[in-house]
file structure_0.txt (compact mmCIF, C-alpha atoms)
# COMPACT_ATOMS: atom_id res chain seq x y z
CA MET A 1392 0.00 0.00 0.00
CA SER A 1393 1.77 3.11 -1.11
CA HIS A 1394 0.26 6.46 -0.54
CA VAL A 1395 2.86 9.17 -0.89
CA GLN A 1396 0.63 12.12 -0.36
CA ASN A 1397 2.11 15.44 0.70
CA SER A 1398 0.21 17.46 3.24
CA PRO A 1399 -0.96 20.84 1.91
CA ASN A 1400 1.84 22.57 3.77
CA SER A 1401 4.63 20.15 2.92
CA ASP A 1402 6.04 22.34 0.13
CA PHE A 1403 6.19 25.25 2.51
CA GLU A 1404 7.74 23.08 5.20
CA LYS A 1405 10.42 21.82 2.83
CA LEU A 1406 11.43 25.34 1.88
CA ALA A 1407 10.92 27.13 5.18
CA LEU A 1408 12.14 24.82 7.94
CA PRO A 1409 15.82 24.93 6.87
CA LEU A 1410 15.61 28.70 7.32
CA LEU A 1411 14.49 28.50 10.93
CA ASP A 1412 17.93 28.79 12.51
CA PRO A 1413 19.17 31.53 10.12
CA LEU A 1414 15.97 33.51 10.69
CA TYR A 1415 16.27 33.13 14.44
CA ASN A 1416 19.90 34.22 14.33
CA PHE A 1417 18.91 37.28 12.28
CA ALA A 1418 16.02 38.05 14.64
CA ARG A 1419 18.27 37.79 17.69
CA TRP A 1420 20.78 40.19 16.20
CA LEU A 1421 18.05 42.65 15.19
CA SER A 1422 16.08 42.59 18.41
CA GLY A 1423 18.79 41.68 20.90
CA ASP A 1424 16.30 39.65 22.89
CA ALA A 1425 15.63 35.89 22.93
CA ASP A 1426 11.88 36.12 23.65
CA GLU A 1427 11.31 38.77 21.04
CA ALA A 1428 13.32 36.84 18.49
CA ARG A 1429 11.23 33.74 19.15
CA ASP A 1430 8.00 35.74 18.70
CA LEU A 1431 9.34 37.33 15.53
CA VAL A 1432 10.21 33.99 14.00
CA GLN A 1433 6.86 32.45 14.92
CA GLU A 1434 5.01 35.41 13.48
CA THR A 1435 7.15 35.27 10.36
CA PHE A 1436 6.30 31.63 9.80
CA ALA A 1437 2.61 32.28 10.43
CA LYS A 1438 2.54 35.19 7.96
CA ALA A 1439 4.57 33.29 5.38
CA LEU A 1440 2.33 30.25 5.66
CA ARG A 1441 -0.73 32.42 5.13
CA GLY A 1442 0.86 34.15 2.15
CA PHE A 1443 2.46 31.07 0.66
CA GLY A 1444 -0.49 30.53 -1.68
CA GLY A 1445 0.33 33.82 -3.37
CA PHE A 1446 4.05 33.18 -3.40
CA GLN A 1447 5.26 33.05 -6.98
CA GLU A 1448 7.46 30.17 -7.94
CA GLY A 1449 10.79 31.39 -9.19
CA THR A 1450 10.85 34.23 -6.69
CA ASN A 1451 13.62 34.04 -4.13
CA PHE A 1452 11.99 32.28 -1.20
CA ARG A 1453 14.81 32.96 1.25
CA ALA A 1454 14.78 36.69 0.53
CA TRP A 1455 10.98 36.64 0.86
CA MET A 1456 11.17 35.03 4.32
CA PHE A 1457 13.83 37.42 5.55
CA ARG A 1458 11.79 40.34 4.21
CA ILE A 1459 8.75 39.19 6.17
CA LEU A 1460 10.81 38.87 9.33
CA ARG A 1461 12.44 42.24 8.87
CA ASN A 1462 9.10 43.96 8.16
CA THR A 1463 7.61 42.26 11.20
CA PHE A 1464 10.49 43.52 13.28
CA LEU A 1465 10.15 47.08 11.95
CA THR A 1466 6.52 47.22 13.09
CA SER A 1467 7.31 45.77 16.52
CA LYS A 1468 7.85 47.98 19.54
CA SER A 1469 11.62 47.71 19.56
CA GLY A 1470 11.65 47.93 15.78
CA LEU A 1471 9.79 51.21 15.91
CA GLU A 1472 12.20 52.46 18.55
CA GLN A 1473 15.12 51.66 16.29
CA ARG A 1474 13.47 53.05 13.22
CA ASN A 1475 14.87 56.53 13.58
CA THR A 1476 18.36 55.21 13.38
CA LEU A 1477 17.53 53.54 10.07
CA GLN A 1478 17.73 56.93 8.44
CA VAL A 1479 21.47 56.72 8.21
CA GLU A 1480 23.49 59.02 6.16
CA GLU A 1481 24.92 57.36 3.09
CA ASP A 1482 28.34 58.87 3.46
CA SER A 1483 30.82 59.06 0.72
CA LEU A 1484 32.50 55.75 0.13
CA GLU A 1485 35.81 57.42 -0.22
CA ASP A 1486 37.05 56.09 3.07
CA ALA A 1487 34.92 52.98 3.06
CA ALA A 1488 37.32 50.64 1.41
CA VAL A 1489 39.82 49.01 3.68
CA ASP A 1490 43.48 49.74 3.75
CA HIS A 1491 45.53 46.83 2.67
CA GLU A 1492 48.78 46.72 4.57
CA THR A 1493 49.86 43.40 5.89
CA PRO A 1494 49.93 44.63 9.51
CA GLU A 1495 46.20 45.16 9.21
CA LEU A 1496 45.72 41.57 8.21
CA LYS A 1497 47.71 40.50 11.23
CA LEU A 1498 45.54 42.60 13.50
CA LEU A 1499 42.37 41.24 11.94
CA ARG A 1500 43.59 37.73 12.59
CA ARG A 1501 44.02 38.58 16.25
CA ALA A 1502 40.35 39.40 16.56
CA ASP A 1503 38.50 36.86 18.65
CA THR A 1504 34.85 35.96 18.22
CA GLU A 1505 33.69 38.03 21.17
CA MET A 1506 35.40 41.11 19.83
CA VAL A 1507 33.80 40.73 16.41
CA GLN A 1508 30.41 40.14 18.01
CA LYS A 1509 30.81 43.38 19.94
CA ALA A 1510 31.73 45.16 16.71
CA ILE A 1511 28.61 43.81 14.98
CA ALA A 1512 26.39 44.67 17.94
CA ARG A 1513 27.60 48.28 17.82
CA LEU A 1514 26.48 48.79 14.23
CA SER A 1515 23.36 50.78 13.52
CA PRO A 1516 20.39 48.58 12.53
CA ALA A 1517 20.61 49.57 8.86
CA PHE A 1518 24.26 48.56 8.63
CA LYS A 1519 23.84 45.51 10.81
CA GLU A 1520 21.08 43.94 8.76
CA VAL A 1521 22.99 44.35 5.50
CA LEU A 1522 26.14 42.86 7.01
CA LEU A 1523 24.23 39.93 8.53
CA LEU A 1524 22.54 39.03 5.27
CA ALA A 1525 25.62 39.48 3.07
CA ASP A 1526 28.34 38.02 5.25
CA ILE A 1527 26.53 35.54 7.48
CA GLU A 1528 23.71 34.37 5.24
CA GLU A 1529 26.02 34.84 2.25
CA MET A 1530 23.29 36.42 0.16
CA LYS A 1531 24.15 38.07 -3.13
CA TYR A 1532 23.76 41.86 -3.25
CA GLN A 1533 20.53 41.55 -5.25
CA GLU A 1534 19.11 39.07 -2.75
CA VAL A 1535 19.90 41.43 0.13
CA ALA A 1536 18.26 44.24 -1.81
CA ASP A 1537 15.16 42.09 -2.30
CA ALA A 1538 15.05 41.05 1.35
CA LEU A 1539 15.37 44.63 2.62
CA SER A 1540 13.47 46.35 -0.20
CA ILE A 1541 16.30 48.78 -0.86
CA PRO A 1542 18.27 49.50 -4.04
CA MET A 1543 21.33 47.39 -4.74
CA GLY A 1544 23.55 50.48 -4.66
CA THR A 1545 22.39 51.13 -1.12
CA VAL A 1546 23.24 47.55 -0.19
CA MET A 1547 26.76 48.00 -1.49
CA SER A 1548 27.34 51.31 0.23
CA ARG A 1549 25.91 50.15 3.56
CA LEU A 1550 27.87 46.92 3.38
CA ALA A 1551 31.10 48.81 2.79
CA ARG A 1552 30.35 51.16 5.67
CA ALA A 1553 29.40 48.32 7.97
CA ARG A 1554 32.57 46.41 7.19
CA LYS A 1555 34.64 49.49 7.70
CA GLN A 1556 33.13 50.08 11.12
CA VAL A 1557 33.68 46.48 12.16
CA ARG A 1558 37.22 46.62 10.86
CA ASP A 1559 37.94 49.93 12.60
CA TYR A 1560 36.64 48.58 15.90
CA ILE A 1561 38.82 45.48 15.59
CA LEU A 1562 41.91 47.44 14.62
CA GLN A 1563 41.34 49.93 17.39
CA THR A 1564 40.86 47.17 19.96
CA THR A 1565 43.64 44.85 18.85
CA GLY A 1566 45.98 47.73 18.09
CA GLY A 1567 45.60 48.96 21.65
CA LYS A 1568 46.84 45.68 23.02
CA PRO A 1569 50.47 45.45 24.17
CA MET B 881 46.54 53.27 -2.08
CA SER B 882 46.49 54.41 -5.63
CA CYS B 883 45.51 51.39 -7.68
CA GLU B 884 42.47 52.15 -9.79
CA TRP B 885 41.22 48.58 -9.26
CA ARG B 886 41.03 49.08 -5.52
CA GLU B 887 37.32 49.78 -5.51
CA LYS B 888 36.67 46.38 -7.01
CA VAL B 889 38.11 44.49 -4.04
CA ALA B 890 34.79 44.02 -2.23
CA GLY B 891 32.98 42.96 -5.37
CA TYR B 892 35.72 40.44 -6.11
CA VAL B 893 35.69 38.97 -2.60
CA ASP B 894 31.87 38.81 -2.68
CA ASP B 895 31.98 37.21 -6.13
CA GLU B 896 29.78 39.99 -7.43
CA LEU B 897 31.84 41.17 -10.38
CA PRO B 898 30.71 40.11 -13.84
CA SER B 899 32.42 36.87 -14.82
CA ALA B 900 34.93 38.44 -17.24
CA GLU B 901 35.79 41.19 -14.76
CA GLN B 902 36.22 38.63 -11.98
CA GLN B 903 38.82 36.80 -14.09
CA GLU B 904 40.50 40.03 -15.12
CA PHE B 905 40.79 41.13 -11.51
CA SER B 906 42.12 37.74 -10.54
CA ALA B 907 44.90 38.16 -13.10
CA HIS B 908 45.51 41.70 -11.85
CA LEU B 909 46.16 40.37 -8.36
CA ASN B 910 49.33 38.66 -9.60
CA ALA B 911 50.83 42.02 -10.36
CA CYS B 912 49.36 44.21 -7.62
CA PRO B 913 50.43 43.64 -4.02
CA GLU B 914 48.15 46.44 -2.89
CA CYS B 915 44.98 44.79 -4.20
CA LEU B 916 46.21 41.39 -3.09
CA ALA B 917 46.59 42.66 0.47
CA GLY B 918 43.15 44.23 0.18
CA VAL B 919 41.60 40.96 -0.89
CA ALA B 920 43.34 39.10 1.94
CA ALA B 921 42.14 41.61 4.55
CA GLN B 922 38.59 41.68 3.19
CA THR B 923 38.45 37.90 3.10
CA GLU B 924 39.73 37.69 6.65
CA LEU B 925 37.19 40.23 7.84
CA LYS B 926 34.34 38.47 6.06
CA LYS B 927 35.34 35.16 7.60
CA ALA B 928 35.58 36.68 11.09
CA VAL B 929 32.12 38.24 10.73
CA ARG B 930 30.60 35.01 9.49
CA LEU B 931 32.06 33.02 12.38
CA ALA B 932 31.12 35.56 15.02
CA GLY B 933 27.71 36.36 13.57
CA THR B 934 26.46 32.80 13.38
CA ARG B 935 25.78 32.96 17.05
CA PHE B 936 22.22 32.00 17.88
CA THR B 937 20.35 28.75 17.29
CA ALA B 938 16.60 28.47 17.55
CA PRO B 939 15.65 26.66 20.79
CA PRO B 940 13.92 23.26 20.49
CA GLU B 941 10.59 24.67 21.71
CA LEU B 942 10.62 27.14 18.82
CA HIS B 943 11.22 24.30 16.37
CA ALA B 944 8.30 22.45 17.92
CA ALA B 945 6.04 25.54 17.85
CA VAL B 946 6.83 26.29 14.22
CA TYR B 947 6.27 22.66 13.29
CA ARG B 948 2.91 22.79 15.04
CA SER B 949 1.96 25.94 13.16
CA ILE B 950 2.68 24.21 9.86
CA HIS B 951 0.84 21.04 10.85
CA PRO B 952 -2.01 22.24 13.04
CA GLN B 953 -4.08 19.08 12.55
CA LYS B 954 -1.58 16.47 11.59
CA GLY B 955 -3.23 13.06 11.52
CA VAL B 956 -4.73 10.45 9.29
CA ASN B 957 -5.83 11.30 5.78
CA PRO B 958 -9.48 12.24 5.45
CA TRP B 959 -10.33 9.84 2.65
CA TRP B 960 -9.82 6.78 4.73
CA LYS B 961 -10.33 8.32 8.12
CA TRP B 962 -14.05 7.94 7.78
CA ALA B 963 -13.85 4.39 6.49
CA LEU B 964 -11.81 3.30 9.48
CA ALA B 965 -13.39 5.56 12.03
CA PRO B 966 -15.73 3.08 13.73
CA SER B 967 -13.14 0.35 14.24
CA CYS B 968 -10.45 2.87 15.21
CA ALA B 969 -12.73 4.44 17.76
CA VAL B 970 -13.36 1.10 19.44
CA LEU B 971 -9.70 0.14 19.29
CA LEU B 972 -8.44 3.48 20.57
CA GLY B 973 -11.02 3.45 23.33
CA LEU B 974 -9.81 0.05 24.42
CA VAL B 975 -6.16 1.05 24.23
CA ALA B 976 -6.84 4.24 26.13
CA PHE B 977 -8.70 2.35 28.81
CA LEU B 978 -5.94 -0.23 29.19
CA LEU B 979 -2.90 1.99 28.88
CA PHE B 980 -3.90 5.44 30.04
CA PRO B 981 -6.09 5.09 33.11
CA ARG B 982 -5.04 8.53 34.39
CA THR B 983 -6.38 11.66 32.83
CA GLN B 984 -3.72 14.17 33.86
CA PRO B 985 -1.27 15.04 31.08
CA ASP B 986 2.11 13.43 31.62
CA PRO B 987 4.62 16.18 32.49
CA MET B 988 7.38 14.09 30.92
CA MET B 989 5.82 14.18 27.48
CA ALA B 990 6.43 17.83 26.54
CA GLY B 991 10.10 17.46 27.46
CA LEU B 992 10.37 14.27 25.43
CA VAL B 993 8.78 15.92 22.41
CA ASP B 994 11.45 18.60 22.68
CA GLN B 995 14.08 15.87 22.99
CA HIS B 996 12.68 14.21 19.85
CA VAL B 997 12.88 17.52 17.96
CA THR B 998 16.43 18.07 19.22
CA THR B 999 17.34 14.62 17.97
CA LEU B 1000 15.83 15.37 14.55
CA ARG B 1001 17.87 18.56 14.26
CA SER B 1002 21.09 17.09 15.57
CA ALA B 1003 24.05 16.29 13.35
CA HIS B 1004 24.67 13.31 15.65
CA PRO B 1005 21.18 12.07 16.52
CA VAL B 1006 22.41 8.85 18.16
CA ASP B 1007 25.45 7.79 20.16
CA VAL B 1008 25.33 4.19 19.02
CA GLU B 1009 24.51 3.86 15.36
CA SER B 1010 23.37 0.51 14.02
CA ASP B 1011 20.41 -1.03 12.26
CA ASN B 1012 20.96 -4.22 14.27
CA PHE B 1013 19.37 -4.32 17.72
CA HIS B 1014 21.99 -6.87 18.80
CA ASN B 1015 24.45 -3.96 18.69
CA VAL B 1016 22.22 -1.30 20.18
CA ARG B 1017 20.70 -3.18 23.11
CA PRO B 1018 24.02 -4.26 24.71
CA TRP B 1019 25.31 -0.70 24.36
CA PHE B 1020 22.70 0.48 26.87
CA GLN B 1021 23.76 -2.13 29.42
CA GLY B 1022 25.98 -0.57 32.02
CA GLN B 1023 24.78 2.89 31.08
CA LEU B 1024 21.26 2.50 32.47
CA PRO B 1025 20.02 1.01 35.75
CA PHE B 1026 17.60 -1.25 33.85
CA THR B 1027 17.37 -3.35 30.70
CA PHE B 1028 14.67 -3.79 28.09
CA ASN B 1029 14.15 -5.80 24.97
CA MET B 1030 14.01 -4.47 21.46
CA PRO B 1031 12.02 -6.00 18.64
CA GLU B 1032 13.57 -7.41 15.47
CA VAL B 1033 12.44 -4.96 12.77
CA LYS B 1034 14.26 -6.53 9.84
CA ASP B 1035 11.11 -7.71 8.08
CA SER B 1036 9.00 -4.71 9.00
CA PRO B 1037 8.64 -1.22 7.49
CA PHE B 1038 10.79 0.13 10.32
CA THR B 1039 14.53 0.70 10.27
CA LEU B 1040 16.55 0.94 13.45
CA ILE B 1041 18.88 3.96 13.39
CA GLY B 1042 20.47 3.65 16.82
CA GLY B 1043 20.17 4.93 20.34
CA LYS B 1044 21.48 7.18 23.06
CA VAL B 1045 21.10 7.87 26.77
CA VAL B 1046 18.87 10.83 27.60
CA TYR B 1047 17.77 12.49 30.82
CA ALA B 1048 14.29 13.61 31.80
CA GLY B 1049 13.28 14.73 35.25
CA GLN B 1050 16.87 13.93 36.30
CA ASN B 1051 16.31 10.26 35.43
CA PRO B 1052 18.44 8.47 32.87
CA GLY B 1053 16.60 6.75 30.09
CA ALA B 1054 17.04 5.29 26.64
CA GLU B 1055 16.09 6.92 23.37
CA VAL B 1056 15.88 4.41 20.53
CA LEU B 1057 15.47 5.97 17.12
CA TYR B 1058 13.66 4.33 14.21
CA GLN B 1059 12.67 5.42 10.75
CA VAL B 1060 9.58 4.55 8.78
CA ARG B 1061 9.58 5.99 5.25
CA GLN B 1062 10.62 9.63 5.80
CA HIS B 1063 9.46 9.75 9.42
CA LYS B 1064 11.47 9.29 12.57
CA ILE B 1065 10.14 7.58 15.67
CA SER B 1066 11.71 7.95 19.11
CA ILE B 1067 10.98 5.32 21.70
CA PHE B 1068 11.94 6.52 25.17
CA VAL B 1069 12.29 4.08 28.05
CA PHE B 1070 12.49 5.14 31.70
CA GLN B 1071 12.01 3.48 35.04
CA ALA B 1072 8.33 3.62 35.92
CA LYS B 1073 8.83 5.72 39.08
CA THR B 1074 7.85 8.73 36.99
CA THR B 1075 4.19 9.58 37.05
CA GLY B 1076 3.09 8.37 33.64
CA GLY B 1077 -0.44 9.33 32.75
CA ALA B 1078 -2.07 10.55 29.59
CA PRO B 1079 0.00 12.05 26.81
CA ALA B 1080 -0.16 15.82 26.60
CA LYS B 1081 -2.76 17.04 24.15
CA ASN B 1082 -2.51 19.47 21.26
CA LEU B 1083 0.98 18.43 20.27
CA SER B 1084 1.69 18.19 16.60
CA PHE B 1085 3.47 14.91 17.11
CA ASN B 1086 1.76 11.62 17.71
CA VAL B 1087 2.68 10.67 21.23
CA SER B 1088 1.84 7.68 23.32
CA SER B 1089 3.00 6.06 26.49
CA TRP B 1090 2.63 2.72 28.20
CA ALA B 1091 3.92 0.99 31.31
CA GLN B 1092 5.24 -2.55 31.18
CA GLY B 1093 7.44 -4.64 33.46
CA GLY B 1094 8.29 -1.78 35.81
CA LEU B 1095 9.33 0.51 32.97
CA ARG B 1096 7.56 3.35 31.22
CA TYR B 1097 7.78 3.68 27.48
CA TYR B 1098 7.12 6.83 25.50
CA MET B 1099 6.81 7.14 21.75
CA VAL B 1100 7.12 10.44 19.84
CA THR B 1101 6.82 10.65 16.07
CA ASP B 1102 5.37 12.49 13.13
CA ALA B 1103 4.48 9.17 11.51
CA ASN B 1104 0.79 8.45 11.60
CA LYS B 1105 -0.67 6.79 14.68
CA ASP B 1106 -1.54 3.46 13.08
CA GLU B 1107 1.90 3.03 11.58
CA ALA B 1108 3.70 4.02 14.77
CA GLY B 1109 1.28 1.87 16.76
CA LYS B 1110 2.69 -1.19 15.02
CA LEU B 1111 6.17 -0.42 16.36
CA ALA B 1112 4.71 0.11 19.84
CA ALA B 1113 2.97 -3.24 19.59
CA MET B 1114 6.25 -4.90 18.57
CA PHE B 1115 7.98 -3.40 21.61
CA GLN B 1116 5.17 -4.56 23.88
CA GLU B 1117 5.35 -8.04 22.43
CA VAL B 1118 9.07 -8.55 23.04
CA ASN B 1119 8.87 -7.14 26.56
CA ARG B 1120 5.92 -9.27 27.62
CA SER B 1121 6.99 -11.21 30.68
call {"tool": "encode", "arguments": {"input": "structure_0.txt", "output": "structure tokens"}}
result
Amino acid sequence: MSHVQNSPNSDFEKLALPLLDPLYNFARWLSGDADEARDLVQETFAKALRGFGGFQEGTNFRAWMFRILRNTFLTSKSGLEQRNTLQVEEDSLEDAAVDHETPELKLLRRADTEMVQKAIARLSPAFKEVLLLADIEEMKYQEVADALSIPMGTVMSRLARARKQVRDYILQTTGGKP
Amino acid sequence: MSCEWREKVAGYVDDELPSAEQQEFSAHLNACPECLAGVAAQTELKKAVRLAGTRFTAPPELHAAVYRSIHPQKGVNPWWKWALAPSCAVLLGLVAFLLFPRTQPDPMMAGLVDQHVTTLRSAHPVDVESDNFHNVRPWFQGQLPFTFNMPEVKDSPFTLIGGKVVYAGQNPGAEVLYQVRQHKISIFVFQAKTTGGAPAKNLSFNVSSWAQGGLRYYMVTDANKDEAGKLAAMFQEVNRS
């Protein structure tokens, strides 16, 4: 007796469940709170499940899920509190690229995980979310742009700024060591 | 700091340059120490951020809650539910009467569902891995203050995956993991000093529990009840005194 019959939600489950840990990680970084991150992820899954019928095949599912989570966060209490800081100035990129001397590389290699986590935590929400999606989720620039509903140029400029700030923090901290 | 290619470093490291440009830049690196150092530093920074940023893992209860939200009414398929309903009702009533005389939800069950989910998500779901119960059963001896029998599942739809020692309510117990088609089944065995009782309700997993020979057995699975019930029956058969 063979009856391979998918439940109505099995397609959604197959696509969405592998994203649970990455979404939770993203939510924790955005909100800074375990309970809020859990609520955000649950709400994201509930919204995505409801909207899955209208989800168009061929669209980037991962970017869609992260967009739902991010939008959910932005309308939450702490998201609204952070919203003002989203209006970051898109400074000139002139000083955004890293310097390339070998001593810098040495200093970067001295950075421990805790130090880098502190550097990420200090970023403004707009920079943090771009860095998280590009460097941790390893999304392409276009995917990040889709997830955050911002132009690709903005992704690139914010990413460069975010990396520069992380790098500066690391260099400042490691450089200060004896 | 003067190389005109310098602004392409990030795009190169992120693999975002057009294919031809990516190759061109790669060739350029052979002749430009400045850009080479830039690529090395950017790569190092990216790696450090990735390692440090992958920091949080969703807790088991969140996995369980999300799973429940996707499968709010997981159970038998409607087309044959109705055909089997009368006989199932009688059978389940009888089983419930015999096995679950108490009506209070078993406090162990929620924790064991979480344990089952943790096992499903784990890269190392079992400590002893074998599809032969002659290897798995002896492994538990000496690690647990009790023994139990395991059924031979060779000619059944079930496959033994292995087992491990787990703790619930500060009591050591066995978790034996099986697979049926794409579904996993955890059988938990503890000494019967724990309260037992009815399985918790409203869980997305099929759960059941029975006491036999001074031990309490728990079963957690997303396989359907009838299918999983066969494995439970096999366990009960080989542990009949």
call {"tool": "interface_residues", "arguments": {"input": "structure_0.txt", "of": "chain A", "to": "chain B", "cutoff": "8 Å", "atoms": "only C-alpha atoms", "output": "ChimeraX atom specification"}}
result
/A:1400,1404,1411-1413,1415-1416,1419,1429,1433,1436-1437,1440,1488-1493,1495-1496,1499-1500,1502,1504-1505,1507-1508,1511,1523,1526-1527,1531-1532,1551,1554,1558
call {"tool": "atom_distance", "arguments": {"input": "structure_0.txt", "atom1": "atom CA of Leu1514 of chain A", "atom2": "atom CA of Val1535 of chain A"}}
result
17.2 Å
call {"tool": "closest_residue", "arguments": {"input": "structure_0.txt", "among": "B:Asp1011, B:Leu897, B:Phe1026, B:Trp885", "to": "Leu909 of chain B", "atoms": "only C-alpha atoms"}}
result
B:Trp885
call {"tool": "atom_distance", "arguments": {"input": "structure_0.txt", "atom1": "atom CA of Ile1459 of chain A", "atom2": "atom CA of Lys1405 of chain A"}}
result
17.8 Å
call {"tool": "atom_distance", "arguments": {"input": "structure_0.txt", "atom1": "atom CA of Ile1541 of chain A", "atom2": "atom CA of Ala1425 of chain A"}}
result
27.1 Å
call {"tool": "closest_residue", "arguments": {"input": "structure_0.txt", "among": "A:Leu1431, A:Val1557, A:Leu1460, A:Met1543", "to": "Ala1510 of chain A", "atoms": "only C-alpha atoms"}}
result
A:Val1557
call {"tool": "closest_residue", "arguments": {"input": "structure_0.txt", "among": "A:Leu1522, A:Asn1462, A:Arg1501, A:Met1506", "to": "Leu1539 of chain A", "atoms": "only C-alpha atoms"}}
result
A:Asn1462
call {"tool": "residues_around", "arguments": {"input": "structure_0.txt", "residues": "segment 1085-1101 of chain B", "least_positions_apart": "4", "cutoff": "6 Å", "atoms": "all atoms listed in the file", "output": "PyMOL selection string"}}
result
chain B and resi 979+1064-1072+1079
call {"tool": "closest_residue", "arguments": {"input": "structure_0.txt", "among": "A:Phe1417, A:Phe1443, A:Tyr1560, A:Phe1518", "to": "Trp1455 of chain A", "atoms": "all atoms listed in the file"}}
result
A:Phe1443
call {"tool": "axis_aligned_box", "arguments": {"input": "structure_0.txt", "around": "segment 923-927 of chain B", "padding_each_side": "6 Å", "output": "AutoDock Vina command-line options"}}
result
--center_x 37.0 --center_y 37.7 --center_z 5.5 --size_x 17.4 --size_y 17.1 --size_z 16.7
